[in-house]
Amino acid sequence: MVQAKTWILAKHFDGFPKKSDFELKAEELPEPKDGQVLLEAVFLSVDPYMRPFSRVRMKEGDVMIGTQVAKVIQSKNPAFPVGSHVVGRCGWRTHTVCDGTDLKPIMPDWPQDVSLSLALGSIGMPGLTALFGIEEVLGLKKGETLLVNAAAGAVGSVVGQIAKIKGCKVVGSAGSDAKVAFLKKLGFDEAFNYKTVGSVEEALRKASPEGYDCFFENVGGPFSTAALEQMKNFGRVAVCGSISTYNDTTPQTGPYPHLTMIFKQLKMEGFMQSRWEHKHPESLRRLMGWLKENKLKCLEHVTKGFENMPAAFMGMLRGENLGKAIVAV
């Protein structure tokens with residue numbers, strides 16, 4: 001019998017998460033039955049979506065939601081042989097017994113020299129989010145100008161690189177000088193630190209005086225208001241996240257975008273990558289192809305130790321990560 005460690009949501013977050021909102025527990029797992037497997041976590045993901053989703057999809061006492069790369073250590077399911085690796089929505093836990101329904105095998109030709117942790121990042125959900133936002137929502141065309149905020153994060157950094165692959169001008173906003181330098185290394189045409197510029201509006205105008213065809217929105221709040229004013233007529237906005245609002249105890253209000261959207265005839269669409277699940281296998285192969293061709297560079301911020309899950313999660317929400325935030329067990 002295996003003992004699993006789990007992090008539970010002891011108390012719903014009130015404002016920014018606190019260490020006391022989490023509780024580490026032990027759980028005795030049964031032996032796998034026919035059709036089941038026993039998984040051991042190798043890498044776990046911490047992502048911004050966990051903050052708002054915890055309120056609507058969890059109750060106090062539940063294991064924290066999340067995705068992991070896990071190794072099959074016992075199997076009574078022929079689809080998942082011992083020693084194979086999978087991506088699963090198992091939550092914050094070191095071991096899991098399940099029937100395999102929601103498990104996705106790592107692609108069979110995964111290169112030996114590529115860390116499996118990338119299946120939680122650029123070759124996983126964040127990479128798919130970037131790709132579908134660009135192709136399915138924005139319909140980005142060669143020669144257009146794209147703006148992306150939170151550009152040094154797991155999604156934003158891939159957004160900018162895919163836009164460059166497609167022959168576009170890319171402007172990125174991030175929250176530190178180190179992140180801005182990182183964006184320049186990735187090939188962004190322009191990048192600025194929104195915390196130190198005198199005016200976001202002026203920084204956006206300077207980066208692209210002619211305006212923006214497309215805006216990949218990860219942040220919300222005042223940045224969004226400034227960006228919409230800089231859009232070209234008939235511009236398109238893909239709304240992926242609103243991290244500047246996730247920890248508010250009092251909801252932010254206005255200014256409201258309606259007149260700007262009317263006058264500029266903008267199109268704004270919220271989305272989640274799961275809408276295009278039928279395209280996941282092909283799209284993951286495309287992302288891996290760009291990685292192999294060195295057109296897609298992947299940076300990770302790795303925290304070691306399952307006991308550090310809450311710290312990694314809170315650090316990610318503070319913007320401490322450069323690239324994808326990962327916990328290595």
# chains A, B, ... in the order shown; residues from 1 in each chain; ligands from 1

call {"tool": "residues_around", "arguments": {"residues": "segment 27-38 of chain A", "least_positions_apart": "3", "cutoff": "6 Å", "atoms": "only C-alpha atoms", "output": "VMD selection string"}}
result
chain A and resid 2 to 4 72 to 77 96 to 99

call {"tool": "write_last_selection", "arguments": {"atoms": "N, CA, C and O atoms", "output": "PDB file, in the first residue's frame"}}
result
ATOM      1  N   VAL A   2       0.520   2.211  -0.841  1.00  0.00           N
ATOM      2  CA  VAL A   2       1.312   3.438  -1.002  1.00  0.00           C
ATOM      3  C   VAL A   2       0.652   4.589  -0.257  1.00  0.00           C
ATOM      4  O   VAL A   2      -0.574   4.722  -0.255  1.00  0.00           O
ATOM      5  N   GLN A   3       1.482   5.395   0.376  1.00  0.00           N
ATOM      6  CA  GLN A   3       0.971   6.601   1.031  1.00  0.00           C
ATOM      7  C   GLN A   3       1.220   7.806   0.132  1.00  0.00           C
ATOM      8  O   GLN A   3       2.350   8.068  -0.259  1.00  0.00           O
ATOM      9  N   ALA A   4       0.166   8.500  -0.207  1.00  0.00           N
ATOM     10  CA  ALA A   4       0.266   9.709  -1.033  1.00  0.00           C
ATOM     11  C   ALA A   4       0.288  10.943  -0.147  1.00  0.00           C
ATOM     12  O   ALA A   4      -0.380  10.985   0.896  1.00  0.00           O
ATOM     13  N   VAL A  72       3.885   5.762 -14.522  1.00  0.00           N
ATOM     14  CA  VAL A  72       3.067   4.607 -14.143  1.00  0.00           C
ATOM     15  C   VAL A  72       3.960   3.626 -13.395  1.00  0.00           C
ATOM     16  O   VAL A  72       4.926   3.098 -13.957  1.00  0.00           O
ATOM     17  N   ILE A  73       3.661   3.364 -12.100  1.00  0.00           N
ATOM     18  CA  ILE A  73       4.502   2.457 -11.312  1.00  0.00           C
ATOM     19  C   ILE A  73       3.809   1.122 -11.023  1.00  0.00           C
ATOM     20  O   ILE A  73       4.475   0.152 -10.687  1.00  0.00           O
ATOM     21  N   GLN A  74       2.493   1.070 -11.157  1.00  0.00           N
ATOM     22  CA  GLN A  74       1.750  -0.197 -11.155  1.00  0.00           C
ATOM     23  C   GLN A  74       0.636  -0.056 -12.186  1.00  0.00           C
ATOM     24  O   GLN A  74       0.063   1.029 -12.330  1.00  0.00           O
ATOM     25  N   SER A  75       0.327  -1.139 -12.867  1.00  0.00           N
ATOM     26  CA  SER A  75      -0.706  -1.044 -13.895  1.00  0.00           C
ATOM     27  C   SER A  75      -1.502  -2.336 -14.037  1.00  0.00           C
ATOM     28  O   SER A  75      -0.928  -3.431 -14.112  1.00  0.00           O
ATOM     29  N   LYS A  76      -2.809  -2.180 -14.050  1.00  0.00           N
ATOM     30  CA  LYS A  76      -3.726  -3.244 -14.440  1.00  0.00           C
ATOM     31  C   LYS A  76      -4.591  -2.758 -15.595  1.00  0.00           C
ATOM     32  O   LYS A  76      -5.747  -3.128 -15.749  1.00  0.00           O
ATOM     33  N   ASN A  77      -3.989  -1.867 -16.392  1.00  0.00           N
ATOM     34  CA  ASN A  77      -4.628  -1.302 -17.573  1.00  0.00           C
ATOM     35  C   ASN A  77      -3.622  -1.361 -18.717  1.00  0.00           C
ATOM     36  O   ASN A  77      -2.605  -0.666 -18.689  1.00  0.00           O
ATOM     37  N   THR A  96      -1.355   8.727  -7.283  1.00  0.00           N
ATOM     38  CA  THR A  96      -2.771   8.683  -7.657  1.00  0.00           C
ATOM     39  C   THR A  96      -3.125   7.291  -8.150  1.00  0.00           C
ATOM     40  O   THR A  96      -2.356   6.686  -8.915  1.00  0.00           O
ATOM     41  N   VAL A  97      -4.271   6.778  -7.731  1.00  0.00           N
ATOM     42  CA  VAL A  97      -4.852   5.580  -8.332  1.00  0.00           C
ATOM     43  C   VAL A  97      -6.060   6.023  -9.153  1.00  0.00           C
ATOM     44  O   VAL A  97      -6.938   6.727  -8.650  1.00  0.00           O
ATOM     45  N   CYS A  98      -6.076   5.645 -10.435  1.00  0.00           N
ATOM     46  CA  CYS A  98      -7.185   6.056 -11.308  1.00  0.00           C
ATOM     47  C   CYS A  98      -7.363   5.041 -12.415  1.00  0.00           C
ATOM     48  O   CYS A  98      -6.521   4.155 -12.612  1.00  0.00           O
ATOM     49  N   ASP A  99      -8.459   5.201 -13.171  1.00  0.00           N
ATOM     50  CA  ASP A  99      -8.756   4.235 -14.243  1.00  0.00           C
ATOM     51  C   ASP A  99      -8.229   4.674 -15.602  1.00  0.00           C
ATOM     52  O   ASP A  99      -8.460   4.003 -16.611  1.00  0.00           O
TER      53      ASP A  99
END

call {"tool": "select_by_dssp", "arguments": {"residues": "segment 8-222 of chain A", "states": "strand (DSSP E or B)", "output": "NGL selection string"}}
result
:A and (8-9 or 22-29 or 37-45 or 63 or 68-75 or 85-88 or 93 or 95-98 or 104-105 or 145-148 or 153 or 169-174 or 190-193 or 212-217)

call {"tool": "residues_around", "arguments": {"residues": "Pro209 of chain A", "least_positions_apart": "3", "cutoff": "12 Å", "atoms": "only C-alpha atoms", "output": "ChimeraX atom specification"}}
result
/A:145,171,190,201-206,212-213,230-232

call {"tool": "closest_atom_pairs", "arguments": {"of": "segment 86-183 of chain A", "to": "segment 252-270 of chain A", "cutoff": "10 Å", "atoms": "only C-alpha atoms", "output": "Markdown table"}}
result
| residue | atom | partner | partner_atom | distance |
| --- | --- | --- | --- | --- |
| A:Gly133 | CA | A:Gly270 | CA | 9.2 |
| A:Val137 | CA | A:Glu269 | CA | 7.0 |
| A:Leu138 | CA | A:Glu269 | CA | 8.6 |

call {"tool": "residues_around", "arguments": {"residues": "Lys324 of chain A", "least_positions_apart": "2", "cutoff": "6 Å", "atoms": "only C-alpha atoms", "output": "list of chain:residue names"}}
result
A:Gly121, A:Ala154, A:Glu300, A:His301

call {"tool": "write_last_selection", "arguments": {"atoms": "N, CA and C atoms", "output": "PDB file, in the first residue's frame"}}
result
ATOM      1  N   GLY A 121       4.155  22.702 -20.197  1.00  0.00           N
ATOM      2  CA  GLY A 121       4.466  24.067 -20.602  1.00  0.00           C
ATOM      3  C   GLY A 121       4.308  24.275 -22.096  1.00  0.00           C
ATOM      4  N   ALA A 154       4.361  31.632 -19.074  1.00  0.00           N
ATOM      5  CA  ALA A 154       4.286  30.361 -19.788  1.00  0.00           C
ATOM      6  C   ALA A 154       3.569  30.488 -21.124  1.00  0.00           C
ATOM      7  N   GLU A 300      12.063  27.487 -18.155  1.00  0.00           N
ATOM      8  CA  GLU A 300      11.268  27.032 -17.013  1.00  0.00           C
ATOM      9  C   GLU A 300      11.821  27.618 -15.714  1.00  0.00           C
ATOM     10  N   HIS A 301      10.907  27.844 -14.788  1.00  0.00           N
ATOM     11  CA  HIS A 301      11.253  28.266 -13.429  1.00  0.00           C
ATOM     12  C   HIS A 301      10.906  27.083 -12.539  1.00  0.00           C
TER      13      HIS A 301
END

call {"tool": "closest_residue", "arguments": {"among": "A:Glu144, A:Glu136, A:Asp102, A:Glu307", "to": "Met272 of chain A", "atoms": "only C-alpha atoms"}}
result
A:Glu136

call {"tool": "atom_distance", "arguments": {"atom1": "atom CA of Leu116 of chain A", "atom2": "atom CA of Val63 of chain A"}}
result
23.5 Å

call {"tool": "select_by_dssp", "arguments": {"residues": "segment 107-287 of chain A", "states": "helix (DSSP H, G or I)", "output": "ChimeraX atom specification"}}
result
/A:116-120,125-138,156-165,177-186,200-207,221-229,243-245,258-264,273-287

call {"tool": "closest_residue", "arguments": {"among": "A:Val197, A:Ala70, A:Val180, A:Met50", "to": "Leu317 of chain A", "atoms": "only C-alpha atoms"}}
result
A:Met50

call {"tool": "atom_distance", "arguments": {"atom1": "atom CA of Met58 of chain A", "atom2": "atom CA of Leu9 of chain A"}}
result
8.2 Å

call {"tool": "atom_distance", "arguments": {"atom1": "atom CA of Leu183 of chain A", "atom2": "atom CA of Gly235 of chain A"}}
result
23.5 Å

call {"tool": "closest_residue", "arguments": {"among": "A:Trp290, A:Val148, A:Leu128, A:Phe192", "to": "Phe271 of chain A", "atoms": "only C-alpha atoms"}}
result
A:Leu128

call {"tool": "residues_around", "arguments": {"residues": "Phe13 of chain A", "least_positions_apart": "6", "cutoff": "10 Å", "atoms": "only C-alpha atoms", "output": "NGL selection string"}}
result
:A and (20-22 or 51-52 or 54-55 or 60 or 247 or 249)

call {"tool": "write_last_selection", "arguments": {"atoms": "C-alpha atoms", "output": "PDB file, in the first residue's frame"}}
result
ATOM      1  CA  SER A  20      -2.411  28.927   5.943  1.00  0.00           C
ATOM      2  CA  ASP A  21      -4.913  28.435   3.093  1.00  0.00           C
ATOM      3  CA  PHE A  22      -3.195  25.122   2.300  1.00  0.00           C
ATOM      4  CA  ARG A  51      -6.640  31.002  -8.517  1.00  0.00           C
ATOM      5  CA  PRO A  52     -10.062  31.830 -10.070  1.00  0.00           C
ATOM      6  CA  SER A  54     -10.468  27.282  -7.073  1.00  0.00           C
ATOM      7  CA  ARG A  55     -13.409  29.497  -6.173  1.00  0.00           C
ATOM      8  CA  GLU A  60     -12.719  23.607   1.176  1.00  0.00           C
ATOM      9  CA  ASN A 247      -6.624  38.369  -6.088  1.00  0.00           C
ATOM     10  CA  THR A 249     -11.175  41.340  -2.678  1.00  0.00           C
TER      11      THR A 249
END

call {"tool": "residues_around", "arguments": {"residues": "segment 219-224 of chain A", "least_positions_apart": "6", "cutoff": "8 Å", "atoms": "only C-alpha atoms", "output": "CSV table (one decimal) with C-alpha atoms, in the first residue's frame"}}
result
chain,number,residue,atom,x,y,z
A,149,ASN,CA,1.1,41.2,-22.0
A,150,ALA,CA,2.5,38.9,-19.2
A,200,VAL,CA,1.8,52.5,-20.4
A,241,GLY,CA,-6.5,35.7,-18.7
A,242,SER,CA,-7.0,38.6,-16.3
A,243,ILE,CA,-4.3,37.9,-13.7
A,244,SER,CA,-4.3,41.5,-12.4
A,245,THR,CA,-7.8,40.9,-11.0
A,252,GLN,CA,-12.3,46.4,-10.2

call {"tool": "decode", "arguments": {"residues": "segment 145-203 of chain A", "atoms": "C-alpha atoms", "output": "tab-separated table (two decimals), in the first residue's frame"}}
result
chain	number	residue	atom	x	y	z
A	145	THR	CA	1.45	43.69	-35.34
A	146	LEU	CA	0.63	41.76	-32.18
A	147	LEU	CA	0.70	42.93	-28.57
A	148	VAL	CA	0.96	40.43	-25.70
A	149	ASN	CA	1.11	41.21	-21.99
A	150	ALA	CA	2.49	38.94	-19.25
A	151	ALA	CA	4.78	38.18	-22.16
A	152	ALA	CA	7.52	36.42	-20.17
A	153	GLY	CA	5.09	33.88	-18.69
A	154	ALA	CA	4.29	30.36	-19.79
A	155	VAL	CA	1.70	31.40	-22.39
A	156	GLY	CA	2.92	34.87	-23.36
A	157	SER	CA	6.46	33.76	-24.21
A	158	VAL	CA	5.10	31.14	-26.62
A	159	VAL	CA	2.60	33.62	-28.11
A	160	GLY	CA	5.39	35.99	-29.09
A	161	GLN	CA	7.55	33.27	-30.61
A	162	ILE	CA	4.72	31.79	-32.69
A	163	ALA	CA	3.86	35.28	-33.93
A	164	LYS	CA	7.48	35.74	-35.05
A	165	ILE	CA	7.39	32.34	-36.80
A	166	LYS	CA	4.36	33.67	-38.69
A	167	GLY	CA	6.23	36.79	-39.80
A	168	CYS	CA	4.63	39.37	-37.51
A	169	LYS	CA	5.86	42.32	-35.48
A	170	VAL	CA	5.62	41.49	-31.77
A	171	VAL	CA	5.45	43.86	-28.81
A	172	GLY	CA	5.59	42.43	-25.30
A	173	SER	CA	5.00	43.82	-21.83
A	174	ALA	CA	6.48	42.27	-18.68
A	175	GLY	CA	7.11	43.19	-15.04
A	176	SER	CA	10.91	43.35	-14.69
A	177	ASP	CA	13.99	44.38	-16.63
A	178	ALA	CA	15.22	40.77	-16.56
A	179	LYS	CA	11.99	39.67	-18.21
A	180	VAL	CA	12.29	42.39	-20.85
A	181	ALA	CA	15.84	41.19	-21.64
A	182	PHE	CA	14.48	37.64	-21.91
A	183	LEU	CA	11.84	38.78	-24.41
A	184	LYS	CA	14.49	40.46	-26.55
A	185	LYS	CA	16.46	37.19	-26.59
A	186	LEU	CA	13.32	35.40	-27.79
A	187	GLY	CA	13.14	37.76	-30.76
A	188	PHE	CA	10.42	40.19	-29.69
A	189	ASP	CA	10.69	43.37	-31.75
A	190	GLU	CA	9.84	45.62	-28.80
A	191	ALA	CA	9.43	45.00	-25.08
A	192	PHE	CA	8.96	47.20	-22.03
A	193	ASN	CA	8.68	46.97	-18.25
A	194	TYR	CA	5.19	48.20	-17.44
A	195	LYS	CA	6.19	48.82	-13.81
A	196	THR	CA	8.89	51.36	-14.62
A	197	VAL	CA	7.65	53.17	-17.73
A	198	GLY	CA	6.17	56.55	-16.93
A	199	SER	CA	3.05	55.78	-18.93
A	200	VAL	CA	1.81	52.49	-20.38
A	201	GLU	CA	-0.07	54.47	-23.03
A	202	GLU	CA	3.12	56.23	-24.15
A	203	ALA	CA	5.11	52.98	-24.07
